Structures are given as structure tokens and as C-alpha cells.
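Visitor: This is the structure I want to talk about, given as C-alpha cells.
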Amino acid sequence: MRGRPLTRDAARLVAGAAVLVLPAATAYERQVVFEHADHAARLHGRIELEFHQRRAVICSTTAASPTACRSCGAPLARLRYIVAWQPLCGICGRRDLIAGAPVPARRPAGYRATGA
Ligand SMILES: [Zn+2]
């Protein structure tokens, strides 16, 4: 159980056994939530963020990966957002969560699902 459903003005961050509910009504509060989430992901390697009834897994990896953001096609940095099974860059991941609706999945030019 993750607790009660969130209101639209709150975000829930789950890092290991720790659960943190933060206010997310204003642009400033959302910025604080995302900065806290990114920091926690770097510390823990993987965290969950629930926001506007959307869930993201934020992963921090040191491994080089050929994966590109499914929305904008940019190469993914060490910190990536997984929303609805789609790997997204931080910019698209945040935009997706704030919008509360999935960003259109698009296969970036040159992207090969099968890898090398
Ligand atoms: Zn992107």
C-alpha cells in the first residue's frame, strides 16, 4: 500500500522504505519536488514519483546506454524518467508528469530497439 490517493496539489516520492509527500500546487513547489526527486534518485539509484495521478520511476545509472528519449529523441543522460514504460529525458519526464497526460511516443530517427 502506498497510502491514500494524492490530491492534485501534492506529489509522493518513494525511495526505498521512505515515503515523502510534498506540496506541488505552484510552479515553485513542483520545481522543489523535481529537484528533490532527482537528488534522491542519484542517492538511491531508483525512486518512484507520483504526481497528478501519473507515476514515474526515476533511475540514475552510470552505465553508458544507447537509449534515447522516446519523446524528443535526445540521448538519455545518467538520470532518466520512466513514465508508462517509456524512457524519457528529465525535461520530457517532468513535462509529462506536470501535464498529467502521456507525451506522444515517437521512435527517434536512428533509434534501434534491438541494439548493436
Ligand atoms: Zn526528451
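FYI, nothing fancy with the C-alpha cells labels: chains A, B, ... in order, residues from 1 per chain, ligands from 1 as they appear.
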In chain A, what's helix (DSSP H, G or I) per DSSP? Answer as a list in words?
Guide: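 Here are the helix (DSSP H, G or I) residues of chain A: Ala27, Tyr28, Glu29, Arg30, Gln31, Val32, Val33, Phe34, Glu35, His36, Ala37, Asp38, His39, Ala40, Ala41, Arg42, Leu43, His44, Gly90, Ile91, Cys92, Gly93, Arg94, Arg95, Asp96, Leu97, Ile98 and Ala99 of chain A.
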Visitor: For ligand 1, list the contacting residues at 7 Å or closer, counting only C-alpha atoms and all ligand atoms, as a compact mmCIF listing (two decimals) with N, CA and C atoms, in the first residue's frame.
Guide:
# COMPACT_ATOMS: atom_id res chain seq x y z
N CYS A 69 15.59 9.36 -25.56
CA CYS A 69 14.29 9.78 -25.03
C CYS A 69 13.21 9.45 -26.06
N ARG A 70 12.14 8.81 -25.62
CA ARG A 70 11.08 8.40 -26.54
C ARG A 70 10.24 9.58 -27.02
N SER A 71 10.40 10.72 -26.37
CA SER A 71 9.60 11.87 -26.77
C SER A 71 10.38 12.80 -27.69
N CYS A 72 11.56 13.24 -27.26
CA CYS A 72 12.29 14.23 -28.04
C CYS A 72 13.47 13.63 -28.81
N GLY A 73 13.84 12.38 -28.48
CA GLY A 73 14.91 11.73 -29.22
C GLY A 73 16.31 12.05 -28.71
N ALA A 74 16.41 12.87 -27.69
CA ALA A 74 17.73 13.21 -27.16
C ALA A 74 18.34 11.98 -26.48
N LEU A 88 12.28 8.51 -20.73
CA LEU A 88 12.23 9.92 -21.11
C LEU A 88 13.39 10.65 -20.46
N CYS A 89 13.82 11.73 -21.12
CA CYS A 89 14.81 12.60 -20.50
C CYS A 89 14.12 13.39 -19.38
N GLY A 90 14.92 14.08 -18.59
CA GLY A 90 14.36 14.81 -17.46
C GLY A 90 13.37 15.88 -17.89
N ILE A 91 13.65 16.55 -18.99
CA ILE A 91 12.76 17.62 -19.45
C ILE A 91 11.40 17.04 -19.85
N CYS A 92 11.42 16.00 -20.68
CA CYS A 92 10.16 15.41 -21.14
C CYS A 92 9.44 14.70 -19.98
Visitor: Find the distance between atom CA of Leu13 of chain A and atom CA of Ala63 of chain A and write it in Å to one decimal.
Guide: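 According to the coordinates, atom CA of Leu13 of chain A and atom CA of Ala63 of chain A are separated by 24.1 Å.
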Visitor: Based on the backbone DSSP call, show me all residues of chain A assigned strand (DSSP E), as a VMD selection string.
Guide: chain A and resid 10 to 15 18 to 23 46 to 51 54 to 60 79 to 83 86 to 88
Visitor: Keeping only N, CA, C and O atoms, write the selected residues as a short mmCIF file (atom, residue, chain, number, x, y, z; two decimals), in the first residue's frame.
Guide:
data_model
loop_
_atom_site.label_atom_id
_atom_site.label_comp_id
_atom_site.auth_asym_id
_atom_site.auth_seq_id
_atom_site.Cartn_x
_atom_site.Cartn_y
_atom_site.Cartn_z
N ALA A 10 -0.39 17.69 -4.69
CA ALA A 10 0.66 17.04 -3.93
C ALA A 10 1.41 16.04 -4.79
O ALA A 10 0.91 15.59 -5.82
N ALA A 11 2.63 15.74 -4.37
CA ALA A 11 3.44 14.73 -5.05
C ALA A 11 3.95 13.76 -3.99
O ALA A 11 4.18 14.14 -2.85
N ARG A 12 4.10 12.51 -4.38
CA ARG A 12 4.61 11.49 -3.45
C ARG A 12 5.89 10.91 -4.02
O ARG A 12 5.96 10.53 -5.19
N LEU A 13 6.88 10.85 -3.15
CA LEU A 13 8.19 10.36 -3.54
C LEU A 13 8.46 9.11 -2.71
O LEU A 13 8.33 9.14 -1.49
N VAL A 14 8.80 8.01 -3.36
CA VAL A 14 9.08 6.76 -2.66
C VAL A 14 10.51 6.36 -2.97
O VAL A 14 10.87 6.10 -4.12
N ALA A 15 11.34 6.34 -1.93
CA ALA A 15 12.75 5.96 -2.08
C ALA A 15 13.03 4.86 -1.07
O ALA A 15 13.15 5.13 0.13
N ALA A 18 11.29 4.76 2.44
CA ALA A 18 10.89 6.12 2.80
C ALA A 18 9.86 6.65 1.83
O ALA A 18 9.98 6.51 0.62
N VAL A 19 8.81 7.25 2.37
CA VAL A 19 7.77 7.88 1.56
C VAL A 19 7.64 9.33 2.01
O VAL A 19 7.56 9.61 3.19
N LEU A 20 7.67 10.23 1.04
CA LEU A 20 7.60 11.65 1.34
C LEU A 20 6.51 12.27 0.48
O LEU A 20 6.50 12.08 -0.73
N VAL A 21 5.59 12.98 1.11
CA VAL A 21 4.55 13.70 0.37
C VAL A 21 4.88 15.18 0.44
O VAL A 21 5.11 15.72 1.52
N LEU A 22 4.96 15.80 -0.72
CA LEU A 22 5.36 17.21 -0.80
C LEU A 22 4.27 18.01 -1.49
O LEU A 22 3.57 17.49 -2.37
N PRO A 23 4.13 19.28 -1.12
CA PRO A 23 3.17 20.14 -1.84
C PRO A 23 3.66 20.38 -3.26
O PRO A 23 4.86 20.50 -3.50
N ARG A 46 17.29 4.55 -7.72
CA ARG A 46 15.97 4.37 -8.32
C ARG A 46 14.94 4.82 -7.30
O ARG A 46 14.95 4.35 -6.17
N ILE A 47 14.04 5.69 -7.73
CA ILE A 47 12.95 6.12 -6.86
C ILE A 47 11.66 6.18 -7.67
O ILE A 47 11.69 6.12 -8.91
N GLU A 48 10.55 6.27 -6.98
CA GLU A 48 9.27 6.45 -7.65
C GLU A 48 8.71 7.81 -7.30
O GLU A 48 8.84 8.27 -6.17
N LEU A 49 8.10 8.45 -8.28
CA LEU A 49 7.49 9.76 -8.07
C LEU A 49 6.06 9.70 -8.60
O LEU A 49 5.84 9.33 -9.76
N GLU A 50 5.12 10.04 -7.75
CA GLU A 50 3.70 10.06 -8.15
C GLU A 50 3.24 11.50 -8.13
O GLU A 50 3.47 12.22 -7.17
N PHE A 51 2.60 11.88 -9.21
CA PHE A 51 2.35 13.29 -9.44
C PHE A 51 1.14 13.40 -10.34
O PHE A 51 1.14 12.83 -11.44
N ARG A 54 -0.04 10.43 -12.11
CA ARG A 54 0.90 9.79 -13.02
C ARG A 54 2.06 9.30 -12.17
O ARG A 54 2.43 9.93 -11.19
N ARG A 55 2.63 8.17 -12.56
CA ARG A 55 3.77 7.64 -11.83
C ARG A 55 4.98 7.61 -12.74
O ARG A 55 4.88 7.26 -13.91
N ALA A 56 6.11 7.94 -12.17
CA ALA A 56 7.36 7.82 -12.89
C ALA A 56 8.36 7.09 -12.01
O ALA A 56 8.32 7.21 -10.78
N VAL A 57 9.21 6.32 -12.64
CA VAL A 57 10.38 5.79 -11.96
C VAL A 57 11.55 6.63 -12.46
O VAL A 57 11.70 6.83 -13.67
N ILE A 58 12.31 7.15 -11.54
CA ILE A 58 13.48 7.93 -11.91
C ILE A 58 14.71 7.11 -11.57
O ILE A 58 14.88 6.67 -10.43
N CYS A 59 15.52 6.84 -12.58
CA CYS A 59 16.68 5.98 -12.42
C CYS A 59 17.95 6.78 -12.65
O CYS A 59 18.01 7.63 -13.54
N SER A 60 18.93 6.47 -11.86
CA SER A 60 20.26 7.03 -12.06
C SER A 60 21.19 5.88 -12.40
O SER A 60 21.26 4.90 -11.67
N LEU A 79 20.53 10.43 -15.58
CA LEU A 79 19.26 10.45 -14.86
C LEU A 79 18.14 10.38 -15.88
O LEU A 79 18.07 11.19 -16.79
N ARG A 80 17.27 9.39 -15.74
CA ARG A 80 16.19 9.25 -16.72
C ARG A 80 14.87 8.98 -16.02
O ARG A 80 14.84 8.42 -14.94
N TYR A 81 13.80 9.41 -16.65
CA TYR A 81 12.46 9.20 -16.13
C TYR A 81 11.82 8.08 -16.94
O TYR A 81 11.89 8.08 -18.16
N ILE A 82 11.21 7.14 -16.25
CA ILE A 82 10.45 6.09 -16.93
C ILE A 82 8.98 6.36 -16.62
O ILE A 82 8.56 6.24 -15.48
N VAL A 83 8.22 6.75 -17.64
CA VAL A 83 6.80 7.05 -17.45
C VAL A 83 6.03 6.15 -18.40
O VAL A 83 6.26 6.17 -19.61
N GLN A 86 7.96 4.19 -20.81
CA GLN A 86 8.72 4.91 -21.83
C GLN A 86 9.90 5.62 -21.16
O GLN A 86 9.70 6.39 -20.23
N PRO A 87 11.11 5.38 -21.64
CA PRO A 87 12.25 6.13 -21.09
C PRO A 87 12.25 7.55 -21.64
O PRO A 87 12.19 7.76 -22.85
N LEU A 88 12.28 8.51 -20.73
CA LEU A 88 12.23 9.92 -21.11
C LEU A 88 13.39 10.65 -20.46
O LEU A 88 13.85 10.29 -19.38
#
Visitor: Please indicate the distance in Å from atom CA of Leu76 of chain A to atom CA of Ala17 of chain A, rounded to one decimal place.
Guide: 27.2 Å
Visitor: Record the distance separating atom CA of Arg30 of chain A and atom CA of Thr7 of chain A, expressed in Å with one decimal.
Guide: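 Between atom CA of Arg30 of chain A and atom CA of Thr7 of chain A the gap works out to 13.7 Å.
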Visitor: Would you give me, as a tab-separated table, each residue of segment 22-43 of chain A having an atom within 12 Å of an atom of segment 93-97 of chain A, along with its shortest atom pair and that distance in Å to one decimal, using only C-alpha atoms and sorting by chain and residue number?
Guide:
residue	atom	partner	partner_atom	distance
A:Ala24	CA	A:Leu97	CA	11.4
A:Ala27	CA	A:Arg94	CA	11.7
A:Arg30	CA	A:Arg94	CA	9.3
A:Gln31	CA	A:Arg94	CA	9.3
A:Val32	CA	A:Arg94	CA	11.9
A:Val33	CA	A:Arg94	CA	10.2
A:Phe34	CA	A:Arg94	CA	7.5
A:Glu35	CA	A:Arg94	CA	10.5
A:Ala37	CA	A:Arg94	CA	10.7
A:Asp38	CA	A:Arg94	CA	10.6
Visitor: Would you output that residue set with N, CA, C and O atoms, as an mmCIF file, in the first residue's frame?
Guide:
data_model
loop_
_atom_site.group_PDB
_atom_site.id
_atom_site.type_symbol
_atom_site.label_atom_id
_atom_site.label_comp_id
_atom_site.auth_asym_id
_atom_site.auth_seq_id
_atom_site.Cartn_x
_atom_site.Cartn_y
_atom_site.Cartn_z
ATOM 1 N N ALA A 24 2.723 20.413 -4.213
ATOM 2 C CA ALA A 24 3.104 20.608 -5.618
ATOM 3 C C ALA A 24 2.051 21.447 -6.336
ATOM 4 O O ALA A 24 1.726 21.204 -7.493
ATOM 5 N N ALA A 27 4.268 26.389 -9.324
ATOM 6 C CA ALA A 27 5.431 26.071 -10.158
ATOM 7 C C ALA A 27 6.682 25.933 -9.280
ATOM 8 O O ALA A 27 7.510 25.044 -9.512
ATOM 9 N N ARG A 30 6.556 22.587 -7.475
ATOM 10 C CA ARG A 30 6.854 21.489 -8.399
ATOM 11 C C ARG A 30 8.353 21.428 -8.700
ATOM 12 O O ARG A 30 8.943 20.357 -8.798
ATOM 13 N N GLN A 31 8.971 22.585 -8.849
ATOM 14 C CA GLN A 31 10.412 22.626 -9.081
ATOM 15 C C GLN A 31 11.163 21.986 -7.910
ATOM 16 O O GLN A 31 12.089 21.204 -8.100
ATOM 17 N N VAL A 32 10.718 22.303 -6.683
ATOM 18 C CA VAL A 32 11.339 21.714 -5.490
ATOM 19 C C VAL A 32 11.145 20.198 -5.497
ATOM 20 O O VAL A 32 12.078 19.437 -5.201
ATOM 21 N N VAL A 33 9.946 19.738 -5.855
ATOM 22 C CA VAL A 33 9.667 18.299 -5.902
ATOM 23 C C VAL A 33 10.633 17.612 -6.871
ATOM 24 O O VAL A 33 11.250 16.591 -6.548
ATOM 25 N N PHE A 34 10.768 18.167 -8.071
ATOM 26 C CA PHE A 34 11.610 17.517 -9.074
ATOM 27 C C PHE A 34 13.085 17.556 -8.683
ATOM 28 O O PHE A 34 13.827 16.587 -8.917
ATOM 29 N N GLU A 35 13.522 18.654 -8.089
ATOM 30 C CA GLU A 35 14.921 18.705 -7.668
ATOM 31 C C GLU A 35 15.183 17.710 -6.544
ATOM 32 O O GLU A 35 16.212 17.040 -6.513
ATOM 33 N N ALA A 37 13.457 14.945 -6.086
ATOM 34 C CA ALA A 37 13.350 13.616 -6.691
ATOM 35 C C ALA A 37 14.640 13.251 -7.432
ATOM 36 O O ALA A 37 15.142 12.131 -7.307
ATOM 37 N N ASP A 38 15.176 14.199 -8.192
ATOM 38 C CA ASP A 38 16.415 13.924 -8.926
ATOM 39 C C ASP A 38 17.558 13.627 -7.963
ATOM 40 O O ASP A 38 18.359 12.710 -8.175
#
Visitor: Find the residue from A:Leu6, A:Ala41, A:Ala77, A:Ala99 that sits nearest to Gln53 of chain A; use only C-alpha atoms when measuring.
Guide: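 Looking at the shortest contact to Gln53 of chain A, the residue is A:Leu6.
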